$ cat query-v2.txt   # compact mmCIF, C-alpha atoms and all ligand atoms
# COMPACT_ATOMS: atom_id res chain seq x y z
CA MET A 1 -141.02 134.56 29.29
CA PRO A 2 -138.47 135.88 31.79
CA PHE A 3 -135.06 134.28 32.32
CA SER A 4 -136.08 133.51 35.88
CA SER A 5 -138.62 130.94 34.66
CA LEU A 6 -136.00 128.79 32.90
CA GLY A 7 -134.67 127.11 36.04
CA LEU A 8 -131.32 128.90 36.23
CA ARG A 9 -129.62 129.56 39.55
CA ALA A 10 -129.28 133.02 41.08
CA GLY A 11 -125.60 133.50 40.11
CA LEU A 12 -126.36 132.82 36.48
CA LEU A 13 -129.41 135.06 36.49
CA GLU A 14 -127.25 137.79 37.95
CA ALA A 15 -124.77 137.34 35.10
CA VAL A 16 -127.62 137.54 32.60
CA ARG A 17 -128.69 140.82 34.22
CA ASP A 18 -125.12 142.11 34.07
CA LEU A 19 -125.10 141.29 30.36
CA ASP A 20 -128.31 143.26 30.06
CA TYR A 21 -130.22 140.39 28.47
CA GLN A 22 -133.84 141.28 29.22
CA THR A 23 -135.65 138.21 27.91
CA PRO A 24 -134.41 134.91 26.54
CA THR A 25 -134.09 134.65 22.79
CA PRO A 26 -136.23 131.86 21.26
CA ILE A 27 -133.36 129.39 21.18
CA GLN A 28 -132.50 130.16 24.79
CA ALA A 29 -136.10 129.68 25.89
CA GLU A 30 -136.21 126.34 24.10
CA ALA A 31 -132.75 124.97 24.73
CA ILE A 32 -131.99 125.99 28.31
CA PRO A 33 -134.64 123.87 30.09
CA LEU A 34 -133.82 120.84 27.90
CA ALA A 35 -130.07 121.19 28.43
CA LEU A 36 -130.58 121.68 32.18
CA ALA A 37 -132.44 118.38 32.19
CA GLY A 38 -129.37 116.73 30.68
CA ARG A 39 -130.85 116.08 27.25
CA ASP A 40 -128.69 115.84 24.15
CA LEU A 41 -129.55 118.61 21.74
CA VAL A 42 -129.29 119.27 18.07
CA GLY A 43 -129.85 122.92 17.39
CA CYS A 44 -130.41 124.66 14.12
CA ALA A 45 -129.34 128.20 14.81
CA GLN A 46 -127.15 130.81 13.27
CA THR A 47 -124.78 133.03 15.13
CA GLY A 48 -126.71 136.08 16.23
CA THR A 49 -129.57 134.12 17.75
CA GLY A 50 -128.10 133.93 21.24
CA LYS A 51 -127.09 130.30 20.88
CA THR A 52 -123.87 130.74 22.86
CA ALA A 53 -125.68 131.62 26.08
CA ALA A 54 -128.22 128.90 25.21
CA PHE A 55 -125.60 126.23 25.75
CA ILE A 56 -123.22 127.99 28.16
CA LEU A 57 -125.75 128.86 30.88
CA PRO A 58 -127.08 125.32 31.38
CA LEU A 59 -123.67 123.70 31.27
CA LEU A 60 -122.36 126.13 33.89
CA GLN A 61 -125.28 125.18 36.11
CA ARG A 62 -124.96 121.45 35.61
CA LEU A 63 -121.22 121.36 36.13
CA GLN A 64 -121.07 123.46 39.25
CA GLY A 65 -118.41 122.24 41.67
CA ARG A 66 -116.59 119.99 39.19
CA LYS A 67 -112.82 119.76 39.16
CA GLY A 68 -111.01 119.63 35.86
CA ILE A 69 -112.36 120.19 32.38
CA ALA A 70 -116.01 119.25 32.65
CA ALA A 71 -117.25 120.96 29.51
CA LEU A 72 -115.63 121.11 26.10
CA VAL A 73 -116.86 123.43 23.36
CA VAL A 74 -115.36 122.70 19.94
CA THR A 75 -115.67 125.43 17.36
CA PRO A 76 -114.15 125.94 13.91
CA THR A 77 -112.38 129.29 14.11
CA ARG A 78 -110.23 131.24 16.49
CA GLU A 79 -112.55 134.21 16.38
CA LEU A 80 -115.49 132.08 17.42
CA ALA A 81 -113.42 130.46 20.15
CA ARG A 82 -112.57 133.89 21.56
CA GLN A 83 -116.15 135.06 21.32
CA ILE A 84 -117.49 131.99 23.07
CA GLU A 85 -114.81 132.37 25.74
CA GLU A 86 -115.89 135.95 26.30
CA VAL A 87 -119.59 135.07 26.62
CA ALA A 88 -118.80 132.07 28.82
CA ARG A 89 -116.60 134.18 31.12
CA SER A 90 -119.34 136.77 31.46
CA CYS A 91 -121.90 134.08 32.22
CA ALA A 92 -119.57 132.42 34.75
CA ARG A 93 -118.55 135.55 36.59
CA HIS A 94 -120.66 134.82 39.67
CA THR A 95 -119.66 131.14 39.72
CA LYS A 96 -116.33 129.59 40.60
CA GLN A 97 -115.97 128.04 37.17
CA ARG A 98 -113.02 128.95 35.02
CA VAL A 99 -113.20 129.33 31.30
CA THR A 100 -110.33 129.24 28.82
CA ALA A 101 -110.06 129.09 25.06
CA VAL A 102 -107.28 127.36 23.14
CA TYR A 103 -106.78 127.90 19.43
CA GLY A 104 -104.02 127.93 16.86
CA GLY A 105 -102.13 130.88 15.46
CA VAL A 106 -100.99 132.12 18.86
CA GLY A 107 -98.36 130.97 21.36
CA TYR A 108 -98.67 127.45 22.73
CA GLN A 109 -97.07 127.90 26.14
CA PRO A 110 -99.45 130.55 27.50
CA GLN A 111 -102.31 128.17 26.73
CA VAL A 112 -100.53 125.34 28.57
CA GLN A 113 -100.07 127.64 31.54
CA ALA A 114 -103.74 128.64 31.48
CA LEU A 115 -104.69 124.96 31.43
CA ARG A 116 -102.39 124.27 34.37
CA ARG A 117 -104.00 127.02 36.40
CA GLY A 118 -107.24 125.06 36.19
CA VAL A 119 -110.07 125.10 33.68
CA ASN A 120 -113.63 123.85 33.92
CA VAL A 121 -115.00 125.00 30.60
CA LEU A 122 -112.61 124.67 27.68
CA VAL A 123 -113.38 126.28 24.32
CA ALA A 124 -111.16 124.95 21.55
CA THR A 125 -110.49 124.74 17.86
CA PRO A 126 -109.82 121.15 16.81
CA GLY A 127 -106.19 121.36 15.65
CA ARG A 128 -104.76 123.07 18.72
CA LEU A 129 -106.77 120.86 21.05
CA LEU A 130 -105.35 117.70 19.46
CA ASP A 131 -101.89 119.22 19.60
CA LEU A 132 -102.24 119.93 23.31
CA HIS A 133 -103.57 116.45 23.89
CA SER A 134 -100.82 114.71 21.98
CA HIS A 135 -98.25 116.50 24.14
CA GLY A 136 -100.05 115.55 27.32
CA ASP A 137 -100.94 119.15 28.07
CA VAL A 138 -104.69 118.73 28.35
CA ASP A 139 -106.74 116.17 30.25
CA LEU A 140 -110.10 115.43 28.66
CA SER A 141 -110.99 112.47 30.87
CA GLN A 142 -113.43 114.47 33.03
CA VAL A 143 -115.54 115.93 30.23
CA GLU A 144 -119.25 115.56 30.92
CA VAL A 145 -120.65 117.95 28.35
CA LEU A 146 -119.53 118.30 24.75
CA VAL A 147 -120.71 121.16 22.55
CA LEU A 148 -120.02 121.06 18.83
CA ASP A 149 -120.57 124.57 17.55
CA GLU A 150 -121.01 125.42 13.87
CA ALA A 151 -120.92 121.75 12.94
CA ASP A 152 -121.68 122.49 9.29
CA ARG A 153 -118.70 124.77 9.05
CA MET A 154 -116.42 122.23 10.72
CA LEU A 155 -117.52 119.77 8.07
CA ASP A 156 -116.95 122.29 5.26
CA MET A 157 -113.51 123.09 6.57
CA GLY A 158 -112.52 119.42 6.67
CA PHE A 159 -112.28 119.33 10.48
CA TRP A 160 -114.54 116.38 10.98
CA PRO A 161 -111.79 113.72 11.20
CA ASP A 162 -110.22 115.84 13.97
CA VAL A 163 -113.59 116.22 15.67
CA ARG A 164 -114.05 112.46 15.58
CA ARG A 165 -110.63 111.95 17.12
CA ILE A 166 -111.46 114.42 19.87
CA ILE A 167 -114.72 112.63 20.60
CA GLY A 168 -112.76 109.40 20.89
CA LEU A 169 -110.76 110.96 23.73
CA LEU A 170 -113.83 111.78 25.82
CA PRO A 171 -115.70 109.64 28.34
CA ALA A 172 -118.58 107.88 26.60
CA ASP A 173 -121.09 108.96 29.20
CA ARG A 174 -121.69 112.62 28.53
CA GLN A 175 -124.22 115.15 27.33
CA ASN A 176 -123.83 116.30 23.73
CA MET A 177 -125.07 119.45 22.08
CA LEU A 178 -124.56 120.12 18.42
CA PHE A 179 -125.33 123.44 16.77
CA SER A 180 -125.32 124.16 13.11
CA ALA A 181 -126.66 126.93 10.94
CA THR A 182 -128.05 124.34 8.57
CA LEU A 183 -129.05 120.81 9.43
CA SER A 184 -128.28 119.33 6.03
CA PRO A 185 -128.45 115.55 5.53
CA GLN A 186 -124.65 115.59 5.65
CA VAL A 187 -124.63 117.26 9.07
CA MET A 188 -127.31 114.92 10.36
CA ARG A 189 -125.33 111.92 9.15
CA VAL A 190 -122.27 112.89 11.17
CA ALA A 191 -124.37 114.06 14.12
CA ASP A 192 -126.34 110.86 14.37
CA PRO A 193 -123.68 108.59 15.91
CA ILE A 194 -122.73 111.27 18.44
CA LEU A 195 -126.12 112.24 19.83
CA ARG A 196 -128.33 110.12 22.07
CA ASN A 197 -132.00 110.66 21.45
CA PRO A 198 -131.48 114.37 20.93
CA ALA A 199 -134.13 117.01 21.33
CA ARG A 200 -134.19 119.24 18.31
CA VAL A 201 -134.29 122.97 18.83
CA ASP A 202 -134.84 125.15 15.81
CA VAL A 203 -135.02 128.85 15.78
CA ALA A 204 -138.40 129.49 14.26
CA PRO A 205 -138.10 131.14 10.87
CA SER A 206 -139.77 134.25 12.23
CA ALA A 207 -136.94 134.70 14.71
CA THR A 208 -133.95 134.27 12.44
CA PRO A 209 -131.82 137.36 11.93
CA VAL A 210 -132.44 137.04 8.23
CA ASP A 211 -136.03 138.11 8.80
CA THR A 212 -135.24 141.73 8.98
CA VAL A 213 -132.61 141.92 6.27
CA THR A 214 -133.52 143.83 3.15
CA GLN A 215 -131.76 142.24 0.22
CA THR A 216 -130.87 143.82 -3.10
CA VAL A 217 -128.76 142.59 -5.98
CA TYR A 218 -126.68 145.00 -8.06
CA PRO A 219 -125.78 143.52 -11.44
CA VAL A 220 -122.35 144.90 -12.32
CA ASN A 221 -119.38 143.95 -14.39
CA SER A 222 -116.57 142.42 -12.38
CA PHE A 223 -114.11 145.16 -13.19
CA GLN A 224 -116.47 147.83 -11.84
CA LYS A 225 -117.25 146.22 -8.51
CA THR A 226 -114.74 148.32 -6.59
CA ASP A 227 -116.00 151.55 -8.15
CA LEU A 228 -119.55 150.57 -7.31
CA LEU A 229 -118.59 149.85 -3.72
CA ILE A 230 -116.81 153.18 -3.41
CA ARG A 231 -119.75 154.97 -4.95
CA LEU A 232 -122.16 153.30 -2.53
CA LEU A 233 -119.91 154.22 0.40
CA GLU A 234 -119.67 157.79 -0.80
CA THR A 235 -123.32 158.37 -1.57
CA LYS A 236 -125.34 156.24 0.79
CA SER A 237 -125.40 156.20 4.54
CA LEU A 238 -123.54 152.97 4.99
CA ASP A 239 -122.24 153.29 8.55
CA ARG A 240 -120.65 150.03 9.48
CA VAL A 241 -120.12 147.80 6.52
CA LEU A 242 -118.95 144.22 6.30
CA VAL A 243 -117.76 143.37 2.78
CA PHE A 244 -117.27 139.79 1.65
CA THR A 245 -114.87 138.81 -1.09
CA ARG A 246 -114.19 135.41 -2.56
CA THR A 247 -110.45 135.41 -1.94
CA LYS A 248 -107.89 136.83 0.47
CA HIS A 249 -106.16 138.56 -2.38
CA ARG A 250 -109.36 140.33 -3.39
CA ALA A 251 -110.00 141.37 0.22
CA ASP A 252 -106.58 143.04 0.39
CA ARG A 253 -107.07 144.67 -2.98
CA VAL A 254 -110.47 146.11 -2.09
CA CYS A 255 -108.97 147.53 1.11
CA ARG A 256 -106.14 149.17 -0.82
CA HIS A 257 -108.56 150.77 -3.26
CA LEU A 258 -110.75 152.05 -0.44
CA ALA A 259 -107.67 153.54 1.24
CA ASP A 260 -106.79 155.32 -2.03
CA LYS A 261 -110.17 157.03 -1.78
CA GLY A 262 -109.65 157.91 1.87
CA ILE A 263 -112.10 155.29 3.15
CA ARG A 264 -110.83 153.50 6.23
CA GLY A 265 -111.10 149.76 5.92
CA ALA A 266 -109.42 146.68 7.30
CA ALA A 267 -109.08 143.18 5.91
CA ILE A 268 -109.56 140.01 7.86
CA HIS A 269 -108.64 136.66 6.37
CA SER A 270 -106.58 133.60 7.11
CA ASN A 271 -103.31 134.96 5.70
CA ARG A 272 -103.25 137.58 8.39
CA THR A 273 -101.80 136.79 11.78
CA GLN A 274 -104.06 136.37 14.75
CA SER A 275 -103.00 139.74 16.15
CA GLN A 276 -103.62 141.46 12.80
CA ARG A 277 -107.07 139.90 12.64
CA GLN A 278 -107.84 140.94 16.18
CA ALA A 279 -106.61 144.49 15.55
CA ALA A 280 -108.82 144.72 12.45
CA LEU A 281 -111.81 143.42 14.34
CA ASP A 282 -111.23 145.71 17.32
CA GLY A 283 -110.83 148.73 15.02
CA PHE A 284 -114.09 147.87 13.33
CA LYS A 285 -115.91 147.25 16.61
CA ARG A 286 -114.73 150.56 18.03
CA GLY A 287 -115.68 152.40 14.87
CA HIS A 288 -112.11 153.35 13.91
CA CYS A 289 -112.71 151.91 10.50
CA ARG A 290 -116.01 151.88 8.72
CA VAL A 291 -115.46 148.92 6.47
CA LEU A 292 -114.28 145.42 7.29
CA VAL A 293 -113.42 143.28 4.27
CA ALA A 294 -113.51 139.58 4.96
CA THR A 295 -113.49 136.13 3.46
CA ASP A 296 -116.08 133.60 4.57
CA ILE A 297 -113.99 131.40 6.74
CA VAL A 298 -112.88 133.99 9.25
CA ALA A 299 -115.98 136.14 9.05
CA ARG A 300 -118.31 133.40 9.99
CA GLY A 301 -119.68 134.00 13.42
CA ILE A 302 -118.00 137.32 13.98
CA ASP A 303 -120.06 139.02 16.63
CA VAL A 304 -120.11 142.72 15.93
CA ASP A 305 -123.17 144.70 16.83
CA GLY A 306 -124.57 147.40 14.65
CA ILE A 307 -123.40 146.22 11.23
CA SER A 308 -125.67 148.33 9.04
CA HIS A 309 -124.80 146.73 5.72
CA VAL A 310 -123.37 143.51 4.42
CA VAL A 311 -121.97 143.85 0.93
CA ASN A 312 -121.40 140.70 -1.06
CA TYR A 313 -118.64 142.03 -3.27
CA ASP A 314 -118.53 138.52 -4.66
CA LEU A 315 -121.45 136.15 -4.32
CA PRO A 316 -120.58 133.01 -2.41
CA SER A 317 -120.47 129.83 -4.43
CA ASN A 318 -121.93 127.97 -1.47
CA PRO A 319 -125.47 129.35 -1.00
CA ASP A 320 -125.45 128.55 2.72
CA ASP A 321 -122.67 131.11 3.08
CA TYR A 322 -125.06 133.75 1.78
CA ILE A 323 -127.35 133.11 4.74
CA HIS A 324 -124.40 133.26 7.12
CA ARG A 325 -123.11 136.44 5.59
CA ILE A 326 -126.34 138.37 5.68
CA GLY A 327 -126.93 137.11 9.21
CA ARG A 328 -124.07 139.41 10.28
CA THR A 329 -126.37 142.38 9.88
CA ALA A 330 -129.78 142.80 11.50
CA ARG A 331 -128.69 141.10 14.68
CA ALA A 332 -130.79 141.04 17.82
CA GLY A 333 -133.87 142.13 15.88
CA ALA A 334 -132.38 145.26 14.30
CA ASP A 335 -132.94 146.04 10.63
CA GLY A 336 -130.13 145.47 8.19
CA THR A 337 -129.37 145.60 4.53
CA ALA A 338 -127.55 143.16 2.30
CA LEU A 339 -126.27 144.40 -1.04
CA SER A 340 -124.96 141.81 -3.45
CA PHE A 341 -122.85 142.56 -6.48
CA MET A 342 -123.42 140.11 -9.27
CA ALA A 343 -121.25 139.82 -12.34
CA ALA A 344 -122.53 137.85 -15.30
CA GLU A 345 -120.46 134.84 -14.32
CA GLU A 346 -122.18 134.80 -10.92
CA THR A 347 -125.69 134.36 -12.29
CA LYS A 348 -125.65 130.72 -11.39
CA ASP A 349 -124.59 131.51 -7.80
CA LEU A 350 -127.52 133.90 -7.45
CA ARG A 351 -129.89 131.32 -8.79
CA GLU A 352 -128.73 128.79 -6.20
CA ILE A 353 -129.13 131.35 -3.42
CA GLU A 354 -132.64 132.09 -4.59
CA VAL A 355 -133.48 128.42 -4.60
CA LEU A 356 -132.27 128.18 -1.01
CA LEU A 357 -134.26 131.24 0.01
CA GLY A 358 -137.25 130.17 -2.01
CA GLN A 359 -137.67 133.54 -3.59
CA THR A 360 -136.36 135.80 -6.29
CA LEU A 361 -134.27 138.72 -5.11
CA GLU A 362 -134.68 142.21 -6.41
CA CYS A 363 -132.07 143.42 -8.90
CA ARG A 364 -131.52 147.14 -9.27
CA ASP A 365 -129.07 149.72 -10.52
CA LEU A 366 -127.40 152.38 -8.46
CA GLU A 367 -128.67 155.68 -9.74
CA GLY A 368 -125.99 157.91 -11.17
CA PHE A 369 -123.34 155.20 -11.38
CA ALA A 370 -121.59 155.06 -14.74
CA TYR A 371 -122.01 151.44 -15.75
CA LEU A 372 -119.51 150.71 -18.50
CA GLU A 373 -120.42 148.34 -21.33
CA ARG A 374 -122.53 146.55 -18.84
CA VAL A 375 -124.08 143.22 -19.45
CA VAL A 376 -127.63 143.67 -18.30
CA PRO A 377 -130.04 141.28 -16.77
CA ASN A 378 -133.21 140.29 -18.45
CA PRO A 379 -135.62 143.19 -17.86
CA GLU A 380 -138.05 140.69 -16.41
CA ARG A 381 -135.70 140.43 -13.46
CA THR A 382 -134.91 144.09 -12.92
CA ALA A 383 -137.12 145.07 -10.14
CA THR A 384 -139.80 147.55 -10.02
CA ARG A 385 -140.73 145.88 -6.77
CA LYS A 386 -139.43 147.19 -3.48
CA PRO A 387 -136.80 145.07 -1.75
CA ARG A 388 -138.40 143.08 0.97
CA ALA A 389 -137.36 141.15 4.00
CA VAL A 390 -137.31 137.40 3.65
CA TYR A 391 -137.36 134.53 6.02
CA GLY A 392 -134.06 132.72 6.18
CA GLY A 393 -135.79 129.54 7.16
CA ARG A 394 -138.49 129.60 4.53
CA GLY A 395 -138.02 127.36 1.58
CA ARG A 396 -134.74 125.97 2.90
CA ARG A 397 -133.68 122.72 1.34
CA ARG A 398 -134.14 120.83 4.53
CA SER A 399 -137.84 121.62 4.52
CA GLY A 400 -137.97 119.95 1.14
CA GLY A 401 -140.87 119.88 -1.25
CA ALA A 402 -142.99 122.67 -2.48
CA SER A 403 -141.29 125.67 -0.94
CA THR A 404 -137.99 125.09 -2.70
CA ARG A 405 -139.35 126.28 -5.99
CA ARG A 406 -136.87 127.44 -8.54
CA PRO A 407 -137.15 131.10 -9.25
CA ARG A 408 -137.72 132.18 -12.81
CA SER A 409 -134.72 131.42 -14.87
CA GLY A 410 -134.81 135.11 -15.73
CA ALA A 411 -131.23 136.21 -15.38
CA SER A 412 -130.12 135.74 -18.89
CA TRP A 413 -127.32 138.04 -19.86
CA GLY A 414 -126.17 139.65 -23.00
CA SER A 415 -124.01 142.57 -23.83
P1 LIG A 501 -124.72 134.52 19.63
O1 LIG A 501 -125.76 134.00 18.70
O2 LIG A 501 -124.53 133.63 20.81
O3 LIG A 501 -123.43 134.83 18.92
O4 LIG A 501 -125.24 135.92 20.24
C1 LIG A 501 -125.45 137.02 19.43
C2 LIG A 501 -125.55 138.31 20.19
O5 LIG A 501 -126.78 138.37 20.92
C3 LIG A 501 -124.45 138.51 21.22
O6 LIG A 501 -124.00 139.83 21.09
C4 LIG A 501 -125.12 138.30 22.54
O7 LIG A 501 -124.50 139.05 23.56
C5 LIG A 501 -126.53 138.77 22.27
N1 LIG A 501 -127.53 138.09 23.10
C6 LIG A 501 -127.57 136.79 23.45
N2 LIG A 501 -128.65 136.51 24.18
C7 LIG A 501 -129.33 137.67 24.31
C8 LIG A 501 -130.56 138.04 24.98
N3 LIG A 501 -131.29 137.15 25.64
N4 LIG A 501 -130.94 139.31 24.90
C9 LIG A 501 -130.21 140.23 24.20
N5 LIG A 501 -129.05 139.95 23.57
C10 LIG A 501 -128.61 138.69 23.63
$ encode --input "query-v2.txt" --output "structure tokens" --more "lines below"
Ligand code: AMP
Amino acid sequence: MPFSSLGLRAGLLEAVRDLDYQTPTPIQAEAIPLALAGRDLVGCAQTGTGKTAAFILPLLQRLQGRKGIAALVVTPTRELARQIEEVARSCARHTKQRVTAVYGGVGYQPQVQALRRGVNVLVATPGRLLDLHSHGDVDLSQVEVLVLDEADRMLDMGFWPDVRRIIGLLPADRQNMLFSATLSPQVMRVADPILRNPARVDVAPSATPVDTVTQTVYPVNSFQKTDLLIRLLETKSLDRVLVFTRTKHRADRVCRHLADKGIRGAAIHSNRTQSQRQAALDGFKRGHCRVLVATDIVARGIDVDGISHVVNYDLPSNPDDYIHRIGRTARAGADGTALSFMAAEETKDLREIEVLLGQTLECRDLEGFAYLERVVPNPERTATRKPRAVYGGRGRRRSGGASTRRPRSGASWGS
């Protein structure tokens, strides 16, 4: 299906051509006609599926000619706000609509000045938006379309009270679109009072980025994780690697150890200033550093093309984060690889991830790596099978029932 059949105006189609989008992604094909018709939407889609253009293009079309802030996109992190701003600006380049993002961690006054110059589409993180509103620096009385992006993450991060306050500042008569990587009962409960008879758009399991990710688990003692990472980086063709750690401190430490071995890496987490984060991200995007080490909160939604490998240095304790993490690789249909380090104390985390995926992941050893006094997994689990791609959507909790089988309890550990 070509973009031209979705009902978008010429200026927007031109922007799509400039962006070199050849055909709509599944969520775009589904969501754009519905959103153009003014429907409320609830969308289950991860970053990497093209969901930003799926909501930006129709709102730009519907709000043509409006004065003031006609569309508000609320998103959990600064990085996402900047990314959405960038996509929205590209999509709006042949329209007269102005796009701005406001978020914390950077100067307040420049954002006030940008708002004063006139904005039609405002992308915002909740805290800064409420700040601006409480000082009378932003007028939300003209908002006709509200987009809540990464709703599950806003819930996880405790932003929902702020989101509710923001919604209370908007005109009641508006179109609402809510996107979330997982539509858990908790998300649906908070979404319900906001949405009016929403159409649901899901990215079919076969189209999720997770489809093409090969996943392997490396059982390793905690104290050898850094050596294993270095060894992998030295011996395998890992070109552009996103490494996830559980804490900021661990992210910094991994970076230091990589630097000791002459491997260029950068850390990105919430203790770093906005400009440090941006510099790290830019360096990674431009290929100046090969490894980006991140914690979940800031990494979520980072849009970097060509990430060849995601390494879970630590397994996430929230299994949904695993899906988000591995979704950073294999974007736009490319193949990708996710390597997960698992220490004995993370066995339970792996089991929960497998329940969410509905399948057992392959465990293997890195050939030639000197495992010291390693606790080993039950041989039943160590794979002789090849790693295989899985469907992110298959066996998810929300589908309930039979597909959420528990994998074999296999991973019993001993020294
Ligand atoms: P998103 O899920 O909105 O973060 O988008 C993920 C990536 O896919 C971004 O780099 C977009 O520029 C890209 N993208 C979005 N829509 C398309 C499309 N129709 N064709 C090719 N790439 C796209």
$ closest_residue --input "query-v2.txt" --among "A:Gln83, A:Thr235, A:Ser90, A:Ser134" --to "A:Asp20" --atoms "all atoms listed in the file"
A:Ser90
$ residues_near_ligand --input "query-v2.txt" --ligand "ligand LIG 501 (chain A)" --cutoff "6 Å" --atoms "all atoms listed in the file" --output "PyMOL selection string"
chain A and resi 21-25+47-53+303+332
$ closest_residue --input "query-v2.txt" --among "A:Glu373, A:Pro219, A:Val106, A:Ala70" --to "A:Arg174" --atoms "all atoms listed in the file"
A:Ala70
$ closest_residue --input "query-v2.txt" --among "A:Pro76, A:Gly43, A:Pro193, A:Gly127" --to "A:Ile166" --atoms "all atoms listed in the file"
A:Gly127
$ residues_near_point --input "query-v2.txt" --point "(-112.8, 132.1, -3.3)" --cutoff "10 Å" --atoms "all atoms listed in the file" --output "tab-separated table (two decimals) with C-alpha atoms, keeping the file's coordinate frame"
chain	number	residue	atom	x	y	z
A	245	THR	CA	-114.87	138.81	-1.09
A	246	ARG	CA	-114.19	135.41	-2.56
A	247	THR	CA	-110.45	135.41	-1.94
A	248	LYS	CA	-107.89	136.83	0.47
A	249	HIS	CA	-106.16	138.56	-2.38
A	250	ARG	CA	-109.36	140.33	-3.39
A	295	THR	CA	-113.49	136.13	3.46
A	296	ASP	CA	-116.08	133.60	4.57
A	314	ASP	CA	-118.53	138.52	-4.66
A	315	LEU	CA	-121.45	136.15	-4.32
A	316	PRO	CA	-120.58	133.01	-2.41
A	317	SER	CA	-120.47	129.83	-4.43
$ residues_around --input "query-v2.txt" --residues "A:Lys261" --least-positions-apart "5" --cutoff "12 Å" --atoms "only C-alpha atoms" --output "PyMOL selection string"
chain A and resi 226-227+229-231+233-234+254-256
$ residues_around --input "query-v2.txt" --residues "A:Ile326" --least-positions-apart "5" --cutoff "9 Å" --atoms "only C-alpha atoms" --output "PyMOL selection string"
chain A and resi 209-210+213+215+309-312+321+336-338
